[in-house]
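Step one of this worksheet: look at the structure below.
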Amino acid sequence: MKLNLQKIDGQKKIRNKDQVILFFYYLYKEDKCNNYNEFLITEDLINNFNNDIEDEVIVNKLYNYIKDNYDEFKELLNEFSEEPWKYANPVIWENNYNNEYFIKNLILSHRFEVYIDNLFKKNGVDIGLYYGRNGQYTGESEAGIEIKRDMRSLETGNMYFEYMERHYNYGEWVNSGILKDDNTRYFLIGDINEFYIIPKVRLCEILEKLMNKEYVKGARLVEARRGTSKGFIISKSEIERVSLSLEDLINDLKD
């Protein structure tokens, strides 16, 4: 059995095997949570792991611990390799340790991104997901696809697209969402079982018409009740009409 322990960079994608090693390192150190579904990859865990693997005594003890539990280790690694979107965890940075709601949604969003990333890779396209302290929160990628898990929109039948935001309800508005100045060309929204791919240019066209008080079927401007977001909602039936198929997007990216 070869572990090939290496320092882990939380600012980059963490390999499947390294995530499993981190879990068993956590079990070895803490000896409490043995349920992978409750396991979190925190900034502190990564820092402690990186420090400990420089200690030969700890490395040998960790090796023996994994060796003693090798069947469980191998089973989790195999499951991880077959369906990584069911097991992949994002890094929880120190400033978010106490926000359980945020952590739960971050994990679900991250796994949706991993699912989409694998879907593209199976079709010969690497979209280059962004990782790290800032990149993991946006769902952005080198290919210009912004991935957003949005179960609520699928349930209500209306999708919300933001174009301006502010931190407080009395602050200055800044461009965001579809008006954000970045490399985004497509928005991929939904969940594993149902998602839609909408070109940014089409969303901007809809926004422009609404701002000019033109009629757009199934769409209207709205402002979030808390006063920190401006956008428009549009019916799912209209989104289906302008949405690209996965095949269409893959062909666009390959051109």
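Residue numbering restarts at 1 for every chain of the structure tokens, chains are lettered A, B, ... in their displayed order, and ligands are numbered from 1 as they appear.
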Could you pull out the residues in segment 56-94 of chain A that DSSP calls helix (DSSP H, G or I) from the backbone, as a PDB file with C-alpha atoms, in the first residue's frame?
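Okay, result_29.pdb is ready:
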ATOM      1  CA  GLU A  56       7.994  10.843  10.371  1.00  0.00           C
ATOM      2  CA  VAL A  57       6.501   9.382  13.555  1.00  0.00           C
ATOM      3  CA  ILE A  58       3.028  10.740  12.757  1.00  0.00           C
ATOM      4  CA  VAL A  59       3.314   9.643   9.124  1.00  0.00           C
ATOM      5  CA  ASN A  60       4.093   6.069  10.212  1.00  0.00           C
ATOM      6  CA  LYS A  61       1.189   6.050  12.672  1.00  0.00           C
ATOM      7  CA  LEU A  62      -1.178   7.375  10.013  1.00  0.00           C
ATOM      8  CA  TYR A  63       0.078   4.766   7.566  1.00  0.00           C
ATOM      9  CA  ASN A  64      -0.568   1.990  10.083  1.00  0.00           C
ATOM     10  CA  TYR A  65      -4.005   3.377  10.902  1.00  0.00           C
ATOM     11  CA  ILE A  66      -5.019   3.358   7.245  1.00  0.00           C
ATOM     12  CA  LYS A  67      -3.462  -0.092   6.798  1.00  0.00           C
ATOM     13  CA  ASP A  68      -5.579  -1.412   9.675  1.00  0.00           C
ATOM     14  CA  TYR A  70      -7.681  -0.512   4.471  1.00  0.00           C
ATOM     15  CA  ASP A  71     -10.924  -2.190   3.366  1.00  0.00           C
ATOM     16  CA  GLU A  72     -12.916   0.886   4.409  1.00  0.00           C
ATOM     17  CA  PHE A  73     -10.304   3.186   2.874  1.00  0.00           C
ATOM     18  CA  LYS A  74     -10.344   1.335  -0.453  1.00  0.00           C
ATOM     19  CA  GLU A  75     -14.156   1.139  -0.545  1.00  0.00           C
ATOM     20  CA  LEU A  76     -14.545   4.891  -0.019  1.00  0.00           C
ATOM     21  CA  LEU A  77     -11.854   5.647  -2.586  1.00  0.00           C
ATOM     22  CA  ASN A  78     -13.568   3.428  -5.174  1.00  0.00           C
ATOM     23  CA  GLU A  79     -16.959   5.040  -4.535  1.00  0.00           C
ATOM     24  CA  PHE A  80     -15.335   8.471  -4.728  1.00  0.00           C
ATOM     25  CA  SER A  81     -13.721   7.634  -8.061  1.00  0.00           C
ATOM     26  CA  GLU A  82     -16.950   6.313  -9.589  1.00  0.00           C
ATOM     27  CA  PRO A  84     -17.092  12.055  -7.128  1.00  0.00           C
ATOM     28  CA  TRP A  85     -20.058  14.460  -7.092  1.00  0.00           C
ATOM     29  CA  LYS A  86     -21.539  12.441  -4.207  1.00  0.00           C
ATOM     30  CA  GLU A  94     -11.997  29.874   8.865  1.00  0.00           C
TER      31      GLU A  94
END
Can you write out as CSV which residues of segment 48-129 of chain A fall within 10 Å of segment 191-204 of chain A, alongside each residue's closest atom pair and its distance in Å to one decimal, counting only C-alpha atoms and ordering rows by chain and ascending residue number?
residue,atom,partner,partner_atom,distance
A:Trp85,CA,A:Ile192,CA,9.5
A:Leu108,CA,A:Asp191,CA,9.4
A:Ser109,CA,A:Asp191,CA,8.8
A:Arg111,CA,A:Ile192,CA,9.1
A:Phe112,CA,A:Ile192,CA,6.3
A:Glu113,CA,A:Ile192,CA,9.2
A:Tyr115,CA,A:Ile192,CA,7.2
A:Ile116,CA,A:Ile192,CA,7.9
With distances taken over only C-alpha atoms, the candidate from A:Ile234, A:Leu40, A:Ile145, A:Ile103 nearest Phe24 of chain A is A:Leu40
Residues at most 10 Å from segment 217-228 of chain A, counting only C-alpha atoms, excluding those fewer than 4 positions away in the same chain, as a PyMOL selection string? chain A and resi 158-162+164-173+206-207+210-211+213+232-239
Distance of atom CA of Lys104 of chain A from atom CA of Asn69 of chain A, expressed in Å to one decimal place: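 Here the two named atoms are 28.2 Å from each other.
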Can you tell me, as a JSON list (two decimals) with C-alpha atoms, in the first residue's frame, which residues in segment 10-248 of chain A count as strand (DSSP E) by DSSP?
[["chain", "number", "residue", "atom", "x", "y", "z"],
["A", 41, "ILE", "CA", -12.47, 19.78, 5.05],
["A", 42, "THR", "CA", -11.57, 22.88, 7.01],
["A", 91, "VAL", "CA", -12.64, 23.72, 1.72],
["A", 92, "ILE", "CA", -14.42, 25.50, 4.58],
["A", 145, "ILE", "CA", -19.56, 29.00, -17.61],
["A", 146, "GLU", "CA", -21.04, 30.09, -14.29],
["A", 147, "ILE", "CA", -22.63, 27.15, -12.50],
["A", 148, "LYS", "CA", -25.37, 27.79, -9.97],
["A", 149, "ARG", "CA", -27.31, 25.19, -8.03],
["A", 158, "ASN", "CA", -39.56, 30.98, -11.97],
["A", 159, "MET", "CA", -35.85, 31.75, -12.31],
["A", 160, "TYR", "CA", -34.21, 34.83, -10.83],
["A", 161, "PHE", "CA", -31.29, 36.58, -12.50],
["A", 162, "GLU", "CA", -29.49, 39.31, -10.59],
["A", 163, "TYR", "CA", -27.94, 42.33, -12.27],
["A", 164, "MET", "CA", -27.11, 44.62, -9.31],
["A", 165, "GLU", "CA", -26.31, 44.10, -5.63],
["A", 174, "VAL", "CA", -22.84, 47.72, -8.04],
["A", 175, "ASN", "CA", -23.15, 45.56, -11.14],
["A", 186, "TYR", "CA", -23.08, 31.10, -20.13],
["A", 187, "PHE", "CA", -25.13, 30.52, -17.00],
["A", 188, "LEU", "CA", -25.81, 26.88, -16.10],
["A", 189, "ILE", "CA", -28.55, 26.75, -13.50],
["A", 190, "GLY", "CA", -30.46, 23.95, -11.78],
["A", 191, "ASP", "CA", -29.53, 20.69, -10.13],
["A", 194, "GLU", "CA", -32.52, 19.19, -14.23],
["A", 195, "PHE", "CA", -30.50, 22.16, -15.39],
["A", 196, "TYR", "CA", -30.60, 24.87, -18.03],
["A", 197, "ILE", "CA", -27.85, 26.57, -20.03],
["A", 198, "ILE", "CA", -28.55, 30.18, -20.96],
["A", 199, "PRO", "CA", -26.18, 32.40, -22.96],
["A", 219, "ALA", "CA", -40.59, 38.05, -17.24],
["A", 220, "ARG", "CA", -40.61, 41.08, -14.95],
["A", 221, "LEU", "CA", -38.16, 43.22, -12.98],
["A", 222, "VAL", "CA", -38.01, 42.63, -9.23],
["A", 223, "GLU", "CA", -36.05, 43.84, -6.22],
["A", 229, "SER", "CA", -30.44, 42.65, -4.90],
["A", 230, "LYS", "CA", -32.02, 43.77, -8.16],
["A", 231, "GLY", "CA", -32.89, 41.39, -10.96],
["A", 232, "PHE", "CA", -35.65, 39.89, -13.00],
["A", 233, "ILE", "CA", -37.64, 36.71, -12.78],
["A", 234, "ILE", "CA", -38.64, 34.72, -15.81],
["A", 235, "SER", "CA", -40.78, 31.63, -16.12]]
Could you tell me how far atom CA of Pro90 of chain A sits from atom CA of Met151 of chain A, in Å to one decimal place? 19.4 Å
Record the distance separating atom CA of Glu142 of chain A and atom CA of Leu129 of chain A, expressed in Å with one decimal.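 Value for the atom CA of Glu142 of chain A-atom CA of Leu129 of chain A distance: 6.4 Å.
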With a distance cut-off of 9 Å and only C-alpha atoms, select the neighbouring residues of Phe49 of chain A, excluding the residue or stretch itself and same-chain residues fewer than 2 positions from it, and output the selection as a list of chain:residue names.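 Neighbouring residues, sequence-local ones excluded: A:Lys7, A:Ile8, A:Leu22, A:Tyr25, A:Tyr26, A:Asp44, A:Leu45, A:Ile46, A:Asn47, A:Asn51, A:Asp52, A:Ile53, A:Glu54.
Among the candidate residues A:Glu155, A:Asp18, A:Glu247, A:Glu140, the one lying nearest to Ala88 of chain A is A:Asp18, with distances computed using only C-alpha atoms.
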